[in-house]
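Below is one structure; the comments refer to it alone.
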Amino acid sequence: MDALELTRALVALETPTGSEGPATDFLDDTLRHAGYRTVRQPVSPGRDNLYAYRESPALVFSTHLDTVPPYVPLAEDSESIHGRGSCDAKGLAAAMIAATERLAARGERRIGLLFLVGEENGSDGARAANELGPKGRFLINGEPTENRLSIGQKGSLRVDLDATGRAAHSAYPDEGISAIGALLDTIERIRRMPLPRDPLLGESTINLGLIHGGVAPNVIPPSASAQLLIRTVEPTDRLKAAIRKLLSPGVSVQFPVELPFHKGGNAPAGWDTTVVSYASDLPFLSAWGERYQLGPGTIRVAHTSHEHIRKSDLLRGVELYERLASDLLAETST
């Protein structure tokens, strides 16, 4: 169970969200031949979560097998493995398997491996996984945290704005109502509003990601829309209410996608900790006990055309997964 070889094999498979099957099949076969009991949990047609263990787990490693598009093929140089999923998160899945094998060689066989679908688009795999069992006392989620132990992550709230106006000839603007104008006024007020701050997670942030509208330069625009994403650090009821109060006439708002923030427990002694600004499956895995997040690689190259993971970081990740599992499991015997 060499972490580098497993990473190469997984990255060579094209598995965007919705088509994770090749990676699930590969790991199912690999782990069954290594003596694990494997359970496949259907999430949607053709898409399964995979849960593997030897003995009833006290601790579970978990990460996701889906990737964002487009596919970036496997490549390698002396320092790094390149390709889609190398750091987000197939390299981490490989490191978790290698760490589990090292723990088993030392006699610790109470480790589970949970590989999920759908993390990159709504976490449907993680939501379904709460029905699986047996569960342990601890869960270590794999995301690229630069090999630092993450004890918190921001959530996210998508804000969809739709504006309706009335078309008219641009030479007679009084006869129309500009949907773009109303939309821009609303966006500006939202961007100026004070956002929450948390002592652990830090500041909320806002990004205007998409904007559309109008039909021609000489037509008063009858419609316009925009999508914003807010990285959240607290429950969002007050934030949503504040946004609704800032809408211009003719502008409506919906909040179609929300991922919760997460603040974890105390880290074991001696760990370098961090918090992250991106979302993951972690908040949806509450049924799996005390939750932590750790992984080699950096999120700053994930989702890019130059995604990669340094081999030295990946191998260090194996060591850290083994160490964290040992530290946490030591608590069960005290």
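Scheme for the structure tokens: letters A, B, ... for chains in order shown; per-chain residue numbers from 1; ligand numbers from 1 in order shown.
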Using 9 Å as the limit and counting only C-alpha atoms, can you tabulate each residue of region 252-298 of chain A that touches region 187-210 of chain A, with its shortest atom-to-atom distance in Å and the two atoms involved, as a Markdown table?
```
| residue | atom | partner | partner_atom | distance |
| --- | --- | --- | --- | --- |
| A:Phe261 | CA | A:Leu201 | CA | 8.9 |
| A:His262 | CA | A:Leu201 | CA | 8.9 |
| A:Lys263 | CA | A:Leu200 | CA | 8.0 |
| A:Val275 | CA | A:Leu201 | CA | 6.4 |
| A:Val276 | CA | A:Leu201 | CA | 7.7 |
| A:Ser277 | CA | A:Leu201 | CA | 7.8 |
```
Go ahead and write the selection's residues with C-alpha atoms as a PDB file, in the first residue's frame.
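Result file follows (part-v8.pdb):
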```pdb
ATOM      1  CA  PHE A 261     -19.229  26.456   9.338  1.00  0.00           C
ATOM      2  CA  HIS A 262     -17.488  24.138  11.780  1.00  0.00           C
ATOM      3  CA  LYS A 263     -15.528  24.656  14.971  1.00  0.00           C
ATOM      4  CA  VAL A 275      -8.377  27.180  10.519  1.00  0.00           C
ATOM      5  CA  VAL A 276      -9.419  27.145   6.867  1.00  0.00           C
ATOM      6  CA  SER A 277     -11.670  29.380   4.803  1.00  0.00           C
TER       7      SER A 277
END
```
**region 20-32 of chain A environment, 12 Å, only C-alpha atoms, sequence neighbours closer than 3 positions dropped, as a PyMOL selection string** = chain A and resi 1-2+6-17+35-54+64-68+85+89-90+93-94+97-98+100-101+112-120+125
**Asked** For Ala99 (chain A), which of A:Ala3, A:Val253, A:Ala224, A:Ala279 is the closest residue, counting only C-alpha atoms?
**Response** A:Ala3
**Request:** Do a neighbour search on Ala269 (chain A) at 12 Å with only C-alpha atoms, toss out local chain neighbours closer than 3 positions, and write the hits as a list in words.
**Result:** Leu149, Asn266, Asp272, Thr273, Arg323, Leu324, Asp327, Leu328 and Glu331 of chain A
**Message:** Set the distance at 8 Å and use only C-alpha atoms: which residues neighbour region 159-170 of chain A once local chain neighbours fewer than 3 positions away are removed? I'd like the list as a ChimeraX atom specification.
**Reply:** /A:173,175-180,182-183,217-230,250-256
**Item:** Members of region 26-268 of chain A assigned helix (DSSP H, G or I) by DSSP, as JSON, numbers by chain
**Value:** {"A": [26, 27, 28, 29, 30, 31, 32, 33, 86, 87, 88, 89, 90, 91, 92, 93, 94, 95, 96, 97, 98, 99, 100, 101, 102, 103, 104, 105, 119, 120, 121, 124, 125, 126, 127, 128, 129, 173, 174, 175, 179, 180, 181, 182, 183, 184, 185, 186, 187, 188, 189, 190, 191, 192, 237, 238, 239, 240, 241, 242, 243, 244]}
